[in-house]
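Shown below: final-v1.cif, with mmCIF, C-alpha atoms.
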data_coords
loop_
_atom_site.label_atom_id
_atom_site.label_comp_id
_atom_site.auth_asym_id
_atom_site.auth_seq_id
_atom_site.Cartn_x
_atom_site.Cartn_y
_atom_site.Cartn_z
CA MET A 1480 12.43 -44.34 20.52
CA GLN A 1481 9.09 -45.93 21.06
CA ALA A 1482 7.47 -45.03 24.33
CA ARG A 1483 4.26 -45.29 26.20
CA ILE A 1484 3.78 -43.00 29.11
CA LEU A 1485 1.21 -43.85 31.74
CA VAL A 1486 0.15 -40.91 33.84
CA ALA A 1487 -2.09 -41.62 36.79
CA LEU A 1488 -4.16 -38.65 37.90
CA ALA A 1489 -6.53 -38.38 40.80
CA MET A 1490 -9.69 -36.34 40.38
CA SER A 1491 -11.73 -36.14 43.54
CA SER A 1492 -15.34 -35.21 44.26
CA VAL A 1493 -15.54 -31.82 42.64
CA ALA A 1494 -11.94 -30.73 42.95
CA LEU A 1495 -8.71 -31.80 41.37
CA PRO A 1496 -5.61 -31.87 43.55
CA ALA A 1497 -3.21 -29.00 43.02
CA GLY A 1498 0.03 -29.74 41.22
CA ALA A 1499 1.17 -32.59 39.08
CA PRO A 1500 1.09 -36.17 40.32
CA GLU A 1501 4.36 -37.75 41.27
CA ASN A 1502 3.65 -41.26 40.00
CA ILE A 1503 4.38 -40.85 36.29
CA ARG A 1504 5.66 -44.08 34.77
CA HIS A 1505 7.38 -44.46 31.43
CA GLU A 1506 6.92 -47.90 29.91
CA PRO A 1507 8.18 -49.35 26.63
CA ALA A 1508 5.33 -50.23 24.30
CA PRO A 1509 4.82 -51.07 20.63
CA SER A 1510 3.40 -47.63 19.83
CA ASP A 1511 4.16 -43.98 20.45
CA ASP A 1512 1.00 -43.34 22.44
CA VAL A 1513 0.70 -41.50 25.72
CA THR A 1514 -1.89 -43.03 28.02
CA PHE A 1515 -3.49 -41.18 30.92
CA GLU A 1516 -5.33 -43.19 33.58
CA VAL A 1517 -7.75 -40.77 35.20
CA PRO A 1518 -9.86 -41.79 38.20
CA ILE A 1519 -12.93 -39.52 38.39
CA LYS A 1520 -15.44 -38.98 41.15
CA LEU A 1521 -17.85 -36.13 40.47
CA THR A 1522 -21.03 -35.93 42.51
CA GLN A 1523 -23.96 -33.55 42.87
CA LEU A 1524 -23.92 -32.51 39.21
CA ALA A 1525 -26.89 -30.53 37.91
CA ALA A 1526 -29.75 -32.63 36.50
CA ASP A 1527 -29.21 -31.31 32.96
CA ILE A 1528 -25.52 -32.35 32.85
CA ARG A 1529 -25.58 -35.63 30.90
CA GLN A 1530 -21.93 -36.24 29.98
CA VAL A 1531 -18.44 -35.37 31.21
CA ASP A 1532 -15.47 -35.19 28.85
CA VAL A 1533 -11.89 -35.76 29.99
CA THR A 1534 -9.47 -34.18 27.52
CA CYS A 1535 -5.71 -34.62 27.78
CA SER A 1536 -3.30 -32.82 25.48
CA LEU A 1537 0.42 -32.80 24.75
CA THR A 1538 2.42 -29.83 23.50
CA SER A 1539 6.07 -29.82 22.50
CA ASP A 1540 8.47 -28.28 20.04
CA ALA A 1541 9.07 -31.88 18.90
CA ILE A 1542 5.48 -32.13 17.56
CA VAL A 1543 5.27 -31.18 13.89
CA PRO A 1544 2.33 -28.79 13.26
CA SER A 1545 -0.46 -30.29 11.19
CA GLY A 1546 -2.11 -28.77 8.13
CA SER A 1547 -0.95 -25.93 5.95
CA GLY A 1548 0.24 -22.95 7.93
CA GLY A 1549 -0.44 -24.82 11.15
CA SER A 1550 1.28 -23.50 14.23
CA ARG A 1551 -0.23 -25.84 16.82
CA ARG A 1552 2.35 -28.21 18.14
CA GLN A 1553 -0.29 -30.13 20.02
CA LEU A 1554 -1.90 -33.58 20.11
CA ALA A 1555 -4.95 -34.52 22.17
CA GLY A 1556 -7.22 -37.38 23.15
CA HIS A 1557 -10.42 -37.57 25.15
CA ALA A 1558 -12.94 -39.86 26.76
CA VAL A 1559 -16.64 -39.12 27.25
CA LEU A 1560 -18.45 -40.52 30.28
CA ASP A 1561 -22.21 -40.61 30.86
CA VAL A 1562 -23.63 -39.02 34.00
CA SER A 1563 -25.93 -41.20 36.06
CA ASN A 1564 -28.03 -39.85 38.93
CA GLY A 1565 -26.02 -36.62 38.98
CA GLN A 1566 -22.64 -38.28 39.27
CA VAL A 1567 -19.72 -39.76 37.38
CA VAL A 1568 -17.63 -42.29 39.23
CA ALA A 1569 -14.97 -44.07 37.20
CA PRO A 1570 -12.03 -45.74 38.95
CA ALA A 1571 -9.82 -45.62 35.85
CA THR A 1572 -10.81 -43.63 32.78
CA THR A 1573 -8.30 -44.20 30.00
CA VAL A 1574 -7.44 -41.28 27.73
CA VAL A 1575 -5.03 -42.15 24.91
CA VAL A 1576 -3.20 -39.44 23.02
CA ALA A 1577 -2.01 -41.00 19.75
CA VAL A 1578 1.45 -39.77 18.79
CA PRO A 1579 2.03 -40.66 15.11
CA ALA A 1580 5.72 -40.98 14.24
CA ALA A 1581 5.14 -38.63 11.28
CA ARG A 1582 4.14 -35.87 13.73
CA LEU A 1583 7.41 -36.10 15.70
CA GLN A 1584 10.69 -34.44 14.84
CA ASN A 1585 13.72 -35.28 17.01
CA PRO A 1586 11.69 -36.15 20.11
CA ASP A 1587 14.62 -37.59 22.10
CA LYS A 1588 15.31 -35.53 25.20
CA GLN A 1589 12.59 -33.03 24.28
CA THR A 1590 10.18 -31.73 26.89
CA PHE A 1591 6.52 -32.65 26.43
CA ASN A 1592 3.98 -30.67 28.46
CA TRP A 1593 0.68 -32.33 29.28
CA GLU A 1594 -2.64 -31.06 30.53
CA CYS A 1595 -5.90 -32.78 31.47
CA SER A 1596 -9.20 -30.99 32.02
CA LEU A 1597 -12.92 -31.68 32.41
CA THR A 1598 -15.93 -30.27 30.61
CA GLY A 1599 -19.60 -31.13 30.90
CA TYR A 1600 -22.46 -31.38 28.44
CA SER A 1601 -25.80 -29.83 29.39
CA VAL A 1602 -28.99 -30.67 27.54
CA GLY A 1603 -30.13 -27.14 28.41
CA THR A 1604 -32.67 -25.74 30.79
CA ARG A 1605 -35.95 -23.92 30.30
CA PRO A 1606 -36.95 -22.43 33.63
CA PRO A 1607 -40.22 -20.52 33.96
CA PRO A 1608 -40.06 -16.74 33.31
CA PRO A 1609 -38.41 -14.43 34.25
CA ALA A 1610 -35.39 -16.75 34.54
CA ARG A 1611 -33.47 -17.11 31.30
CA ARG A 1612 -33.08 -20.24 29.24
CA THR A 1613 -29.69 -21.94 29.25
CA PRO A 1614 -28.85 -23.46 25.86
CA ALA A 1615 -27.52 -26.97 25.42
CA GLY A 1616 -23.80 -27.47 24.93
CA TRP A 1617 -20.34 -28.20 26.35
CA ASP A 1618 -18.66 -25.94 28.90
CA THR A 1619 -16.13 -25.95 31.69
CA PHE A 1620 -17.05 -26.19 35.37
CA ALA A 1621 -16.37 -23.19 37.62
CA ALA A 1622 -17.21 -22.07 41.14
CA ARG A 1623 -18.79 -18.92 39.65
CA HIS A 1624 -20.25 -19.68 36.26
CA GLU A 1625 -22.92 -17.71 34.40
CA LYS A 1626 -24.72 -20.99 33.70
CA PRO A 1627 -25.86 -22.47 37.03
CA SER A 1628 -25.59 -26.03 35.67
CA PHE A 1629 -21.80 -25.67 35.39
CA GLN A 1630 -21.26 -24.28 38.88
CA LEU A 1631 -19.14 -26.57 41.05
CA SER A 1632 -17.33 -25.45 44.15
CA PRO A 1633 -14.53 -26.03 44.37
CA ALA A 1634 -14.24 -26.31 40.61
CA PRO A 1635 -12.11 -29.04 39.02
CA GLU A 1636 -8.64 -27.72 38.28
CA VAL A 1637 -6.72 -28.31 35.11
CA LEU A 1638 -3.92 -30.75 35.91
CA SER A 1639 -0.62 -30.34 34.13
CA GLY A 1640 2.96 -31.47 34.10
CA SER A 1641 5.83 -32.35 31.81
CA PHE A 1642 8.14 -35.22 30.92
CA MET A 1643 11.11 -35.88 28.69
CA TRP A 1644 10.57 -38.19 25.71
#
Please rewrite the model in this file as structure tokens.
Amino acid sequence: MQARILVALAMSSVALPAGAPENIRHEPAPSDDVTFEVPIKLTQLAADIRQVDVTCSLTSDAIVPSGSGGSRRQLAGHAVLDVSNGQVVAPATTVVVAVPAARLQNPDKQTFNWECSLTGYSVGTRPPPPARRTPAGWDTFAARHEKPSFQLSPAPEVLSGSFMW
């Protein structure tokens, strides 16, 4: 079966709604890709946060592990968005998870679990002493985070759900 699944998610200001969205549509398409349409509205981000990454992943027993000795039955895709003036507002961010036919084994009527989450990239901070320096890098957002740049309250939740192939 060839399928394309379009999952519309709503991510609001600094919080994601609890639970999985109800408007999941399955559409025939020429490829075995799963497409997530993710509206994002994040405001009041720290000045050193320069990018936001939306990562969506699929896990299923129908996904053949990759590599030698691989046990991860997972596929993922992501989209990186630039922060402008402390915010990211994107009405429809598309995240495509490519599902190569060679990575599927008997997918019909198998459950596929999906998950979408946000991370941010900080260029780092160098406050005057005695405050400590925060190194550059990617991290998740949280209401209580050891790095002040990644503190958002309420923090964006990881959205998840499942569908049958």
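Between CA of Ala1615 in chain A and CA of Val1602 in chain A lies a distance of 4.5 Å.
Among A:Ile1528, A:Asp1618, A:Val1574, A:Ala1555, the residue with the shortest atom-to-atom distance to Thr1604 in chain A, counting all atoms listed in the file, is A:Ile1528.
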| message | Under the rule that only C-alpha atoms are counted, which of A:Leu1597, A:Ala1577, A:Ala1558, A:Val1513 is the nearest residue to Leu1631 in chain A? | response | A:Leu1597
| said: Could you tell me how far CA of Ser1639 in chain A sits from CA of Tyr1600 in chain A, in Å to one decimal place? | reply: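 CA of Ser1639 in chain A lies at a distance of 22.6 Å from CA of Tyr1600 in chain A.
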| said: Taking (-24.6, -30.7, 39.2) as a centre in this file's frame and 8 Å as the limit, can you find every polymer residue with an atom that close, using only C-alpha atoms, and give them as a VMD selection string? | reply: chain A and resid 1522 to 1528 1565 to 1566 1628 to 1631
| Proximity to Trp1593 in chain A - best of A:Ser1545, A:Ser1563, A:Ser1641, A:Gln1530, all atoms listed in the file |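 Closest to Trp1593 in chain A of all the choices is A:Ser1641.
Among the candidates A:Asp1587, A:Cys1595, A:Pro1633, A:His1624, the residue lying nearest to His1557 in chain A is A:Cys1595 (atoms considered: only C-alpha atoms).
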| said: With distances taken over all atoms listed in the file, which residue among A:Gln1589, A:Thr1572, A:Asn1564, A:Ser1536 lies nearest Leu1638 in chain A? | reply: A:Ser1536
| task | Decode the PyMOL selection byres ((chain A and resi 1567) around 6) for the given file into explicit residues and return them as a VMD selection string. | result | chain A and resid 1520 to 1521 1562 1566 1568
| Using all atoms listed in the file, which of A:Val1637, A:Leu1554, A:Val1559, A:Val1531 sits nearest Val1576 in chain A? |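 Smallest distance to Val1576 in chain A is found for A:Leu1554.
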